[in-house]
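Have a look at the structure below, then the notes.
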Amino acid sequence: MSSHLAISSPKRDSRTQRDWESFFPYYAGYSESFASAILASAKLNPAAIVLDPWNGSGTTTFAASQLGIKSCGLDLNPAMVIVARSRLLSPSEADSLIPLARKLLSGAKFEREVSESDPLTIWFGPRTAAHIRAVERQIRAHLVGEHSLRSDGVRLDKISGIASTFYVALFSVCRALASRYLSSNPTWLRYPKSGERKAKSSMAYIHKSMLESISAMSSALLMNRRHGDPSRAPSNTMAADSTSYRFKANSIDFILTSPPYCTRIDYTAATRIELAVLDPLLKGEPEELRRSMLGSTLAPKHRIEVASDWGEGATAFLAALRSHPSKASQGYYYRTHIDYFDKLGRSLSNLSMALKRESSAIFVVQDSYYKDLHNDLPRIISEMCAIRGMPLKRRVDFPLKRSMFRINPHRQSYERPAAPVEAVLCFERS
């Protein structure tokens, strides 16, 4: 079934991110063109549903929507759910954005300095944080409907595309204002050092930047409309955990996804400032969100045993890691890796149950190294899927010239016999 799929390099090229796509520069496992080509070549029936259980910034759900295919996207990170929902905004809404922005900004008045507990004060002076919060308060009051609110936080799957788009515009403004805190890792902003001067800005400048961001987004949407507004299919994007979400059995026709890589990328740290903006909508501690993520850099609180259904590759890698002579291998690093495989195994069990028989699941997976130990994640996921009734039918490898481990300037050099590989793995539910 997978032999006819059009598989090209998944690599995301910033040169191809123009118009509407340029407003979503978040780290992604593959490009929109890669997703579109695979979904178009899958020749799914009109009632088919595509799933991405680690939807991130919404590449899969956006590509499916553009092709008129219904889709469902899950992600634990609330900021990414907002980004994915904004990305789905119809070009027919373009004309309403600028008038609405002017109306909202006219009501964003300085009332009082925010509490020291407001996470925006991590990067911004108290008055600047208050100006930003005043804009956010207007978005929340006028664009987040009562049907979205509940006692334990907001129903992110009920927030409209327009509300999400205004939040994304505010994310962009905040990132620009806090650009002095860019770190050596291009995916996130660092925390200010003790005594370091915090970012400051006037209310007028924040309003001007916000209006410019909304105007640019409106123009990009209008450009899409001139090129023809496709018949977009509905997409259900929500904040949910792939390890525990209750899928309906045999309900999914196609899976296209890229699991968070086992390279200790802190995916919540990548959206620190976005989560700070969204703080009034959220419940729960940021640390618990970090701990729940697949690929968390926080060690689990509970003991996890190696499971037989992880396969030989995972078992052998964990044994080698635990006996590695480097510092903390037997402790912290072993615990974070075993947490990764535990969450991955539980997620794959859920996906196997949800996928219809003889349907395909496409995973974009990158291998990595722990010190000098090869973490052959494509092999490990292939073994895990085979155990769960989804044997590998096709694999296409793309060597990588760059990988995330090279970002750390303090890394110790180890001999590694091969360049990292990004593999497109095609499974079929048997």
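By order of appearance in the structure tokens: chains A, B, ..., then residues from 1 within every chain, and ligands from 1 in the order shown.
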
Give me, as a compact mmCIF listing (two decimals) with C-alpha atoms, in the first residue's frame, all polymer residues having an atom no more than 10 Å from Leu67 of chain A, counting only C-alpha atoms and skipping those fewer than 2 positions away in the same chain.
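Saved result, result.txt, follows:
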# COMPACT_ATOMS: atom_id res chain seq x y z
CA SER A 36 1.09 17.61 1.05
CA LEU A 39 -1.26 12.97 1.55
CA ALA A 40 -2.10 13.70 -2.09
CA THR A 61 -3.52 19.30 9.74
CA PHE A 62 -2.83 22.32 7.53
CA ALA A 63 -1.73 20.19 4.57
CA ALA A 64 -4.74 17.90 4.98
CA SER A 65 -7.12 20.86 5.18
CA ILE A 69 -9.08 15.88 3.84
CA LYS A 70 -10.52 15.76 7.35
CA PRO A 230 -9.50 25.69 -1.70
CA SER A 231 -12.38 23.73 -0.27
CA ARG A 232 -10.96 23.26 3.19
CA ALA A 233 -11.89 20.22 5.22

Requested in this report: Give the strand (DSSP E or B) residues of segment 11-217 of chain A, as DSSP finds them on the backbone, and put them as a VMD selection string.
Outcome: chain A and resid 49 to 52 70 to 75 124 149 to 150 153 to 154 182 189 199

Distance table requested - segment 226-338 of chain A against segment 352-357 of chain A, cut-off 7 Å, only C-alpha atoms: one row per qualifying residue with the closest atom pair and its distance in Å to one decimal, ordered by chain and rising residue number, as a tab-separated table.
residue	atom	partner	partner_atom	distance
A:Phe247	CA	A:Ala354	CA	5.7
A:Lys248	CA	A:Ala354	CA	5.9
A:Ala249	CA	A:Ala354	CA	4.5
A:Asn250	CA	A:Lys356	CA	4.2
A:Ser251	CA	A:Ala354	CA	5.5
A:Ile252	CA	A:Leu355	CA	4.7
A:Asp253	CA	A:Lys356	CA	5.8

Put those residues in a file: all heavy atoms, as a PDB file, in the first residue's frame.
ATOM      1  N   PHE A 247      -8.756   6.985  21.765  1.00  0.00           N
ATOM      2  CA  PHE A 247      -9.182   6.954  20.370  1.00  0.00           C
ATOM      3  C   PHE A 247     -10.290   5.918  20.199  1.00  0.00           C
ATOM      4  O   PHE A 247     -10.305   4.890  20.870  1.00  0.00           O
ATOM      5  CB  PHE A 247      -8.014   6.557  19.460  1.00  0.00           C
ATOM      6  CG  PHE A 247      -6.896   7.544  19.401  1.00  0.00           C
ATOM      7  CD1 PHE A 247      -5.728   7.343  20.129  1.00  0.00           C
ATOM      8  CD2 PHE A 247      -6.994   8.674  18.618  1.00  0.00           C
ATOM      9  CE1 PHE A 247      -4.682   8.241  20.071  1.00  0.00           C
ATOM     10  CE2 PHE A 247      -5.954   9.596  18.550  1.00  0.00           C
ATOM     11  CZ  PHE A 247      -4.799   9.367  19.284  1.00  0.00           C
ATOM     12  N   LYS A 248     -11.183   6.186  19.271  1.00  0.00           N
ATOM     13  CA  LYS A 248     -12.160   5.177  18.891  1.00  0.00           C
ATOM     14  C   LYS A 248     -11.449   4.120  18.059  1.00  0.00           C
ATOM     15  O   LYS A 248     -10.692   4.437  17.136  1.00  0.00           O
ATOM     16  CB  LYS A 248     -13.293   5.816  18.089  1.00  0.00           C
ATOM     17  CG  LYS A 248     -14.399   4.846  17.720  1.00  0.00           C
ATOM     18  CD  LYS A 248     -15.502   5.566  16.948  1.00  0.00           C
ATOM     19  CE  LYS A 248     -16.594   4.581  16.532  1.00  0.00           C
ATOM     20  NZ  LYS A 248     -17.658   5.261  15.747  1.00  0.00           N
ATOM     21  N   ALA A 249     -11.669   2.867  18.370  1.00  0.00           N
ATOM     22  CA  ALA A 249     -10.998   1.778  17.661  1.00  0.00           C
ATOM     23  C   ALA A 249     -11.323   1.802  16.169  1.00  0.00           C
ATOM     24  O   ALA A 249     -12.460   2.062  15.768  1.00  0.00           O
ATOM     25  CB  ALA A 249     -11.401   0.432  18.266  1.00  0.00           C
ATOM     26  N   ASN A 250     -10.314   1.563  15.344  1.00  0.00           N
ATOM     27  CA  ASN A 250     -10.484   1.476  13.880  1.00  0.00           C
ATOM     28  C   ASN A 250     -11.162   2.717  13.302  1.00  0.00           C
ATOM     29  O   ASN A 250     -12.040   2.616  12.440  1.00  0.00           O
ATOM     30  CB  ASN A 250     -11.293   0.225  13.513  1.00  0.00           C
ATOM     31  CG  ASN A 250     -10.665  -1.044  14.029  1.00  0.00           C
ATOM     32  OD1 ASN A 250      -9.494  -1.308  13.788  1.00  0.00           O
ATOM     33  ND2 ASN A 250     -11.436  -1.838  14.770  1.00  0.00           N
ATOM     34  N   SER A 251     -10.740   3.895  13.769  1.00  0.00           N
ATOM     35  CA  SER A 251     -11.388   5.138  13.338  1.00  0.00           C
ATOM     36  C   SER A 251     -10.509   6.003  12.439  1.00  0.00           C
ATOM     37  O   SER A 251     -11.000   6.961  11.823  1.00  0.00           O
ATOM     38  CB  SER A 251     -11.794   5.964  14.563  1.00  0.00           C
ATOM     39  OG  SER A 251     -10.649   6.310  15.334  1.00  0.00           O
ATOM     40  N   ILE A 252      -9.219   5.682  12.331  1.00  0.00           N
ATOM     41  CA  ILE A 252      -8.269   6.526  11.614  1.00  0.00           C
ATOM     42  C   ILE A 252      -7.818   5.838  10.325  1.00  0.00           C
ATOM     43  O   ILE A 252      -7.448   4.668  10.319  1.00  0.00           O
ATOM     44  CB  ILE A 252      -7.034   6.846  12.501  1.00  0.00           C
ATOM     45  CG1 ILE A 252      -7.477   7.558  13.792  1.00  0.00           C
ATOM     46  CG2 ILE A 252      -6.027   7.677  11.740  1.00  0.00           C
ATOM     47  CD1 ILE A 252      -8.198   8.874  13.581  1.00  0.00           C
ATOM     48  N   ASP A 253      -7.844   6.599   9.227  1.00  0.00           N
ATOM     49  CA  ASP A 253      -7.492   6.040   7.920  1.00  0.00           C
ATOM     50  C   ASP A 253      -6.024   6.206   7.560  1.00  0.00           C
ATOM     51  O   ASP A 253      -5.505   5.464   6.722  1.00  0.00           O
ATOM     52  CB  ASP A 253      -8.337   6.718   6.828  1.00  0.00           C
ATOM     53  CG  ASP A 253      -9.816   6.472   7.027  1.00  0.00           C
ATOM     54  OD1 ASP A 253     -10.452   7.270   7.745  1.00  0.00           O
ATOM     55  OD2 ASP A 253     -10.326   5.487   6.476  1.00  0.00           O
TER      56      ASP A 253
END

Test item: residues at most 12 Å from Leu351 of chain A, only C-alpha atoms, excluding those fewer than 2 positions along its chain, as a PDB file with N, CA, C and O atoms, in the first residue's frame:
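And here's selection38.pdb as it stands now:
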ATOM      1  N   VAL A  50      -7.274  11.831   8.740  1.00  0.00           N
ATOM      2  CA  VAL A  50      -5.824  11.775   8.944  1.00  0.00           C
ATOM      3  C   VAL A  50      -5.524  12.219  10.370  1.00  0.00           C
ATOM      4  O   VAL A  50      -6.102  13.193  10.875  1.00  0.00           O
ATOM      5  N   LEU A  51      -4.602  11.522  11.024  1.00  0.00           N
ATOM      6  CA  LEU A  51      -4.240  11.829  12.403  1.00  0.00           C
ATOM      7  C   LEU A  51      -2.761  12.177  12.509  1.00  0.00           C
ATOM      8  O   LEU A  51      -1.916  11.511  11.907  1.00  0.00           O
ATOM      9  N   ASP A  52      -2.471  13.226  13.293  1.00  0.00           N
ATOM     10  CA  ASP A  52      -1.100  13.494  13.738  1.00  0.00           C
ATOM     11  C   ASP A  52      -1.130  13.589  15.258  1.00  0.00           C
ATOM     12  O   ASP A  52      -1.617  14.579  15.817  1.00  0.00           O
ATOM     13  N   PRO A  53      -0.631  12.571  15.969  1.00  0.00           N
ATOM     14  CA  PRO A  53      -0.700  12.569  17.430  1.00  0.00           C
ATOM     15  C   PRO A  53       0.321  13.481  18.102  1.00  0.00           C
ATOM     16  O   PRO A  53       0.254  13.687  19.310  1.00  0.00           O
ATOM     17  N   TRP A  54       1.295  13.983  17.326  1.00  0.00           N
ATOM     18  CA  TRP A  54       2.262  14.982  17.821  1.00  0.00           C
ATOM     19  C   TRP A  54       2.238  16.135  16.818  1.00  0.00           C
ATOM     20  O   TRP A  54       3.209  16.387  16.103  1.00  0.00           O
ATOM     21  N   LEU A  74      -3.267  16.197  17.688  1.00  0.00           N
ATOM     22  CA  LEU A  74      -3.118  16.277  19.136  1.00  0.00           C
ATOM     23  C   LEU A  74      -1.758  16.878  19.478  1.00  0.00           C
ATOM     24  O   LEU A  74      -0.771  16.644  18.793  1.00  0.00           O
ATOM     25  N   ASP A 241      -2.909  14.151  25.277  1.00  0.00           N
ATOM     26  CA  ASP A 241      -1.722  13.327  25.492  1.00  0.00           C
ATOM     27  C   ASP A 241      -1.844  12.035  24.693  1.00  0.00           C
ATOM     28  O   ASP A 241      -2.785  11.255  24.895  1.00  0.00           O
ATOM     29  N   SER A 242      -0.909  11.787  23.801  1.00  0.00           N
ATOM     30  CA  SER A 242      -0.965  10.600  22.952  1.00  0.00           C
ATOM     31  C   SER A 242      -0.843   9.305  23.746  1.00  0.00           C
ATOM     32  O   SER A 242      -1.240   8.241  23.273  1.00  0.00           O
ATOM     33  N   THR A 243      -0.300   9.370  24.968  1.00  0.00           N
ATOM     34  CA  THR A 243      -0.148   8.153  25.764  1.00  0.00           C
ATOM     35  C   THR A 243      -1.457   7.707  26.399  1.00  0.00           C
ATOM     36  O   THR A 243      -1.607   6.538  26.765  1.00  0.00           O
ATOM     37  N   SER A 244      -2.415   8.619  26.525  1.00  0.00           N
ATOM     38  CA  SER A 244      -3.639   8.286  27.260  1.00  0.00           C
ATOM     39  C   SER A 244      -4.928   8.659  26.541  1.00  0.00           C
ATOM     40  O   SER A 244      -6.017   8.342  27.022  1.00  0.00           O
ATOM     41  N   TYR A 245      -4.831   9.365  25.406  1.00  0.00           N
ATOM     42  CA  TYR A 245      -6.048   9.785  24.699  1.00  0.00           C
ATOM     43  C   TYR A 245      -6.840   8.563  24.237  1.00  0.00           C
ATOM     44  O   TYR A 245      -6.278   7.613  23.685  1.00  0.00           O
ATOM     45  N   ARG A 246      -8.136   8.591  24.461  1.00  0.00           N
ATOM     46  CA  ARG A 246      -8.987   7.446  24.113  1.00  0.00           C
ATOM     47  C   ARG A 246      -9.501   7.569  22.680  1.00  0.00           C
ATOM     48  O   ARG A 246     -10.527   8.168  22.419  1.00  0.00           O
ATOM     49  N   PHE A 247      -8.756   6.985  21.765  1.00  0.00           N
ATOM     50  CA  PHE A 247      -9.182   6.954  20.370  1.00  0.00           C
ATOM     51  C   PHE A 247     -10.290   5.918  20.199  1.00  0.00           C
ATOM     52  O   PHE A 247     -10.305   4.890  20.870  1.00  0.00           O
ATOM     53  N   LYS A 248     -11.183   6.186  19.271  1.00  0.00           N
ATOM     54  CA  LYS A 248     -12.160   5.177  18.891  1.00  0.00           C
ATOM     55  C   LYS A 248     -11.449   4.120  18.059  1.00  0.00           C
ATOM     56  O   LYS A 248     -10.692   4.437  17.136  1.00  0.00           O
ATOM     57  N   ALA A 249     -11.669   2.867  18.370  1.00  0.00           N
ATOM     58  CA  ALA A 249     -10.998   1.778  17.661  1.00  0.00           C
ATOM     59  C   ALA A 249     -11.323   1.802  16.169  1.00  0.00           C
ATOM     60  O   ALA A 249     -12.460   2.062  15.768  1.00  0.00           O
ATOM     61  N   ASN A 250     -10.314   1.563  15.344  1.00  0.00           N
ATOM     62  CA  ASN A 250     -10.484   1.476  13.880  1.00  0.00           C
ATOM     63  C   ASN A 250     -11.162   2.717  13.302  1.00  0.00           C
ATOM     64  O   ASN A 250     -12.040   2.616  12.440  1.00  0.00           O
ATOM     65  N   SER A 251     -10.740   3.895  13.769  1.00  0.00           N
ATOM     66  CA  SER A 251     -11.388   5.138  13.338  1.00  0.00           C
ATOM     67  C   SER A 251     -10.509   6.003  12.439  1.00  0.00           C
ATOM     68  O   SER A 251     -11.000   6.961  11.823  1.00  0.00           O
ATOM     69  N   ILE A 252      -9.219   5.682  12.331  1.00  0.00           N
ATOM     70  CA  ILE A 252      -8.269   6.526  11.614  1.00  0.00           C
ATOM     71  C   ILE A 252      -7.818   5.838  10.325  1.00  0.00           C
ATOM     72  O   ILE A 252      -7.448   4.668  10.319  1.00  0.00           O
ATOM     73  N   ASP A 253      -7.844   6.599   9.227  1.00  0.00           N
ATOM     74  CA  ASP A 253      -7.492   6.040   7.920  1.00  0.00           C
ATOM     75  C   ASP A 253      -6.024   6.206   7.560  1.00  0.00           C
ATOM     76  O   ASP A 253      -5.505   5.464   6.722  1.00  0.00           O
ATOM     77  N   PHE A 254      -5.350   7.199   8.169  1.00  0.00           N
ATOM     78  CA  PHE A 254      -3.967   7.482   7.780  1.00  0.00           C
ATOM     79  C   PHE A 254      -3.325   8.279   8.913  1.00  0.00           C
ATOM     80  O   PHE A 254      -3.951   9.185   9.470  1.00  0.00           O
ATOM     81  N   ILE A 255      -2.099   7.914   9.262  1.00  0.00           N
ATOM     82  CA  ILE A 255      -1.330   8.657  10.265  1.00  0.00           C
ATOM     83  C   ILE A 255      -0.100   9.237   9.592  1.00  0.00           C
ATOM     84  O   ILE A 255       0.623   8.532   8.885  1.00  0.00           O
ATOM     85  N   LEU A 256       0.122  10.523   9.795  1.00  0.00           N
ATOM     86  CA  LEU A 256       1.344  11.178   9.323  1.00  0.00           C
ATOM     87  C   LEU A 256       1.875  12.007  10.476  1.00  0.00           C
ATOM     88  O   LEU A 256       1.200  12.931  10.954  1.00  0.00           O
ATOM     89  N   THR A 257       3.086  11.694  10.941  1.00  0.00           N
ATOM     90  CA  THR A 257       3.566  12.335  12.157  1.00  0.00           C
ATOM     91  C   THR A 257       5.081  12.256  12.262  1.00  0.00           C
ATOM     92  O   THR A 257       5.736  11.504  11.529  1.00  0.00           O
ATOM     93  N   LEU A 344       6.648   6.514  24.498  1.00  0.00           N
ATOM     94  CA  LEU A 344       6.553   6.169  23.087  1.00  0.00           C
ATOM     95  C   LEU A 344       5.803   4.848  22.906  1.00  0.00           C
ATOM     96  O   LEU A 344       4.914   4.735  22.051  1.00  0.00           O
ATOM     97  N   GLY A 345       6.130   3.853  23.721  1.00  0.00           N
ATOM     98  CA  GLY A 345       5.463   2.555  23.613  1.00  0.00           C
ATOM     99  C   GLY A 345       3.972   2.646  23.877  1.00  0.00           C
ATOM    100  O   GLY A 345       3.161   2.045  23.154  1.00  0.00           O
ATOM    101  N   ARG A 346       3.594   3.397  24.908  1.00  0.00           N
ATOM    102  CA  ARG A 346       2.167   3.540  25.209  1.00  0.00           C
ATOM    103  C   ARG A 346       1.445   4.290  24.097  1.00  0.00           C
ATOM    104  O   ARG A 346       0.304   3.967  23.747  1.00  0.00           O
ATOM    105  N   SER A 347       2.096   5.296  23.526  1.00  0.00           N
ATOM    106  CA  SER A 347       1.482   6.045  22.424  1.00  0.00           C
ATOM    107  C   SER A 347       1.272   5.157  21.210  1.00  0.00           C
ATOM    108  O   SER A 347       0.200   5.172  20.584  1.00  0.00           O
ATOM    109  N   LEU A 348       2.286   4.363  20.852  1.00  0.00           N
ATOM    110  CA  LEU A 348       2.171   3.496  19.686  1.00  0.00           C
ATOM    111  C   LEU A 348       1.090   2.438  19.869  1.00  0.00           C
ATOM    112  O   LEU A 348       0.408   2.062  18.906  1.00  0.00           O
ATOM    113  N   SER A 349       0.902   1.972  21.092  1.00  0.00           N
ATOM    114  CA  SER A 349      -0.193   1.027  21.353  1.00  0.00           C
ATOM    115  C   SER A 349      -1.540   1.678  21.072  1.00  0.00           C
ATOM    116  O   SER A 349      -2.431   1.065  20.467  1.00  0.00           O
ATOM    117  N   MET A 353      -4.289   0.722  17.884  1.00  0.00           N
ATOM    118  CA  MET A 353      -5.703   0.444  18.135  1.00  0.00           C
ATOM    119  C   MET A 353      -6.604   1.356  17.300  1.00  0.00           C
ATOM    120  O   MET A 353      -7.648   0.935  16.806  1.00  0.00           O
ATOM    121  N   ALA A 354      -6.188   2.609  17.106  1.00  0.00           N
ATOM    122  CA  ALA A 354      -7.027   3.575  16.388  1.00  0.00           C
ATOM    123  C   ALA A 354      -6.983   3.395  14.872  1.00  0.00           C
ATOM    124  O   ALA A 354      -7.967   3.670  14.177  1.00  0.00           O
ATOM    125  N   LEU A 355      -5.862   2.928  14.341  1.00  0.00           N
ATOM    126  CA  LEU A 355      -5.688   2.828  12.894  1.00  0.00           C
ATOM    127  C   LEU A 355      -6.508   1.673  12.319  1.00  0.00           C
ATOM    128  O   LEU A 355      -6.514   0.562  12.852  1.00  0.00           O
ATOM    129  N   LYS A 356      -7.195   1.950  11.225  1.00  0.00           N
ATOM    130  CA  LYS A 356      -7.969   0.905  10.549  1.00  0.00           C
ATOM    131  C   LYS A 356      -7.038  -0.150   9.954  1.00  0.00           C
ATOM    132  O   LYS A 356      -5.886   0.136   9.608  1.00  0.00           O
ATOM    133  N   ARG A 357      -7.547  -1.360   9.807  1.00  0.00           N
ATOM    134  CA  ARG A 357      -6.756  -2.440   9.233  1.00  0.00           C
ATOM    135  C   ARG A 357      -6.402  -2.123   7.780  1.00  0.00           C
ATOM    136  O   ARG A 357      -7.188  -1.545   7.036  1.00  0.00           O
ATOM    137  N   SER A 359      -4.454   0.045   6.802  1.00  0.00           N
ATOM    138  CA  SER A 359      -4.198   1.476   6.620  1.00  0.00           C
ATOM    139  C   SER A 359      -2.758   1.788   6.999  1.00  0.00           C
ATOM    140  O   SER A 359      -2.103   1.016   7.704  1.00  0.00           O
ATOM    141  N   SER A 360      -2.275   2.935   6.536  1.00  0.00           N
ATOM    142  CA  SER A 360      -0.853   3.266   6.680  1.00  0.00           C
ATOM    143  C   SER A 360      -0.600   4.292   7.765  1.00  0.00           C
ATOM    144  O   SER A 360      -1.430   5.161   8.038  1.00  0.00           O
ATOM    145  N   ALA A 361       0.593   4.180   8.362  1.00  0.00           N
ATOM    146  CA  ALA A 361       1.096   5.160   9.327  1.00  0.00           C
ATOM    147  C   ALA A 361       2.505   5.552   8.895  1.00  0.00           C
ATOM    148  O   ALA A 361       3.377   4.685   8.750  1.00  0.00           O
ATOM    149  N   ILE A 362       2.716   6.846   8.671  1.00  0.00           N
ATOM    150  CA  ILE A 362       4.010   7.346   8.197  1.00  0.00           C
ATOM    151  C   ILE A 362       4.668   8.134   9.326  1.00  0.00           C
ATOM    152  O   ILE A 362       4.087   9.095   9.840  1.00  0.00           O
ATOM    153  N   PHE A 363       5.883   7.741   9.692  1.00  0.00           N
ATOM    154  CA  PHE A 363       6.629   8.395  10.754  1.00  0.00           C
ATOM    155  C   PHE A 363       7.924   8.979  10.174  1.00  0.00           C
ATOM    156  O   PHE A 363       8.645   8.274   9.454  1.00  0.00           O
ATOM    157  N   MET A 384       9.014  -1.601  17.689  1.00  0.00           N
ATOM    158  CA  MET A 384       7.847  -1.350  18.543  1.00  0.00           C
ATOM    159  C   MET A 384       6.555  -1.475  17.740  1.00  0.00           C
ATOM    160  O   MET A 384       5.568  -2.059  18.199  1.00  0.00           O
ATOM    161  N   CYS A 385       6.548  -0.906  16.535  1.00  0.00           N
ATOM    162  CA  CYS A 385       5.342  -0.954  15.708  1.00  0.00           C
ATOM    163  C   CYS A 385       5.034  -2.383  15.254  1.00  0.00           C
ATOM    164  O   CYS A 385       3.866  -2.804  15.235  1.00  0.00           O
ATOM    165  N   ARG A 388       3.290  -4.323  17.752  1.00  0.00           N
ATOM    166  CA  ARG A 388       1.912  -3.849  17.930  1.00  0.00           C
ATOM    167  C   ARG A 388       1.058  -4.053  16.681  1.00  0.00           C
ATOM    168  O   ARG A 388      -0.006  -3.435  16.545  1.00  0.00           O
ATOM    169  N   GLY A 389       1.503  -4.885  15.768  1.00  0.00           N
ATOM    170  CA  GLY A 389       0.688  -5.208  14.602  1.00  0.00           C
ATOM    171  C   GLY A 389       0.772  -4.210  13.476  1.00  0.00           C
ATOM    172  O   GLY A 389      -0.115  -4.158  12.618  1.00  0.00           O
ATOM    173  N   MET A 390       1.862  -3.403  13.432  1.00  0.00           N
ATOM    174  CA  MET A 390       2.062  -2.450  12.342  1.00  0.00           C
ATOM    175  C   MET A 390       3.460  -2.675  11.755  1.00  0.00           C
ATOM    176  O   MET A 390       4.391  -1.930  12.049  1.00  0.00           O
ATOM    177  N   PHE A 427       4.483   2.241   7.800  1.00  0.00           N
ATOM    178  CA  PHE A 427       3.936   1.049   8.442  1.00  0.00           C
ATOM    179  C   PHE A 427       2.521   0.795   7.923  1.00  0.00           C
ATOM    180  O   PHE A 427       1.862   1.699   7.417  1.00  0.00           O
ATOM    181  N   GLU A 428       2.095  -0.436   8.078  1.00  0.00           N
ATOM    182  CA  GLU A 428       0.726  -0.789   7.700  1.00  0.00           C
ATOM    183  C   GLU A 428       0.109  -1.657   8.781  1.00  0.00           C
ATOM    184  O   GLU A 428       0.717  -2.615   9.256  1.00  0.00           O
ATOM    185  N   ARG A 429      -1.097  -1.298   9.196  1.00  0.00           N
ATOM    186  CA  ARG A 429      -1.792  -2.090  10.213  1.00  0.00           C
ATOM    187  C   ARG A 429      -2.218  -3.419   9.600  1.00  0.00           C
ATOM    188  O   ARG A 429      -2.948  -3.471   8.630  1.00  0.00           O
TER     189      ARG A 429
END

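Comparing A:Gly107, A:Pro300, A:Pro192, A:Pro259 by their smallest distance to Ile122 of chain A, the closest is A:Pro192 (using only C-alpha atoms).
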
**Report entry** Spatial neighbours of Tyr27 of chain A, 9 Å, only C-alpha atoms, chain gap at least 6 places, as a list in words
**Finding:** Gly56, Ser57, Thr187, Tyr267 and Ala270 of chain A

Put those residues in a file: N, CA, C and O atoms, as a compact mmCIF listing (two decimals), in the first residue's frame.
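To be explicit, this is the file written out as selection_8.txt:
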# COMPACT_ATOMS: atom_id res chain seq x y z
N GLY A 56 2.26 19.43 16.84
CA GLY A 56 3.13 20.59 16.87
C GLY A 56 2.48 21.82 16.28
O GLY A 56 1.36 22.19 16.64
N SER A 57 3.18 22.49 15.36
CA SER A 57 2.66 23.72 14.76
C SER A 57 1.62 23.47 13.68
O SER A 57 1.15 24.41 13.04
N THR A 187 15.90 27.34 18.93
CA THR A 187 14.48 27.03 19.12
C THR A 187 13.89 27.71 20.35
O THR A 187 12.68 27.63 20.54
N TYR A 267 10.77 20.81 24.39
CA TYR A 267 9.76 21.41 23.51
C TYR A 267 8.92 22.47 24.23
O TYR A 267 8.33 23.33 23.57
N ALA A 270 10.93 25.76 24.24
CA ALA A 270 10.86 26.43 22.94
C ALA A 270 9.68 27.39 22.85
O ALA A 270 9.63 28.25 21.97

Report task. Could you give me, as a PyMOL selection string, each residue of segment 282-399 of chain A that DSSP assigns to alpha helix (DSSP H) when run on this structure's backbone? Result -> chain A and resi 286-292+311-322+334-354+377-387

Requested in this report: One decimal, Å: what's the distance from atom CA of Leu177 of chain A over to atom CA of Leu156 of chain A, could you say?
Outcome: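 Rounded to one decimal, the two atoms are 25.9 Å apart.
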
Query raised in the report: Can you tell me, as JSON, numbers by chain, what residues are no more than 12 Å from Glu21 of chain A when counting only C-alpha atoms, ignoring any on the same chain fewer than 4 positions away?
Result: {"A": [12, 13, 14, 15, 16, 17, 25, 26, 31, 32, 33, 57, 58, 59, 62, 63, 83, 84, 86, 87, 88, 89, 216, 217, 220, 221, 223, 224]}

Requested in this report: Give the answer as one residue: which of A:Ile162, A:Ala169, A:Leu44, A:Leu211 has the shortest atom-to-atom distance to Ser106 of chain A, using only C-alpha atoms?
Outcome: A:Leu211

**Report entry** All residues 10 Å or closer to Asn77 of chain A, only C-alpha atoms, same chain fewer than 2 positions away omitted, as an MDAnalysis selection string
**Finding:** chainID A and resid 54:57 74:75 79:82 238:241 267:268 271 275 289:290 292:293

Requested in this report: Pick out the closest residue to Ala141 of chain A from this set: A:Ala108, A:Ser430, A:Ala35, A:Tyr332. Count only C-alpha atoms.
Outcome: A:Ala108

Report summary line: Across A:Phe124, A:Tyr333, A:Trp20, A:Phe110, the smallest distance to Met203 of chain A, with only C-alpha atoms counted, is shown by A:Phe110

Report task. Work out how far apart atom CA of Val114 of chain A and atom CA of Arg140 of chain A are and give it in Å to one decimal. Result ->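 It comes out at 16.2 Å.
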
Report task. Identify, on the basis of only C-alpha atoms, every residue whose closest approach to Leu294 of chain A does not exceed 7 Å; exclude the query and any residue fewer than 2 positions from it along the same chain; express the result as a PyMOL selection string. Result -> chain A and resi 260+292+296+340+343

Take the residues that were just selected and, keeping C-alpha atoms, output them as a PDB file, in the first residue's frame.
ATOM      1  CA  PRO A 260       9.487  14.276  19.341  1.00  0.00           C
ATOM      2  CA  SER A 292       4.440  15.038  30.695  1.00  0.00           C
ATOM      3  CA  SER A 296      11.028  15.549  28.507  1.00  0.00           C
ATOM      4  CA  TYR A 340      10.955   8.417  26.562  1.00  0.00           C
ATOM      5  CA  LYS A 343       5.747   7.105  26.673  1.00  0.00           C
TER       6      LYS A 343
END

Report summary line: One residue among A:Tyr191, A:Thr128, A:Lys371, A:Glu383 is nearest to Lys327 of chain A when using only C-alpha atoms, and that residue is A:Lys371

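Between atom CA of Lys11 of chain A and atom CA of Asn375 of chain A there is a distance of 20.3 Å.
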
Query - Among the residues A:Ala269, A:Leu120, A:Val306, A:Leu392, the one that comes closest to Leu425 of chain A [using only C-alpha atoms] - result: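 So, comparing all the options, the nearest one is A:Leu392.
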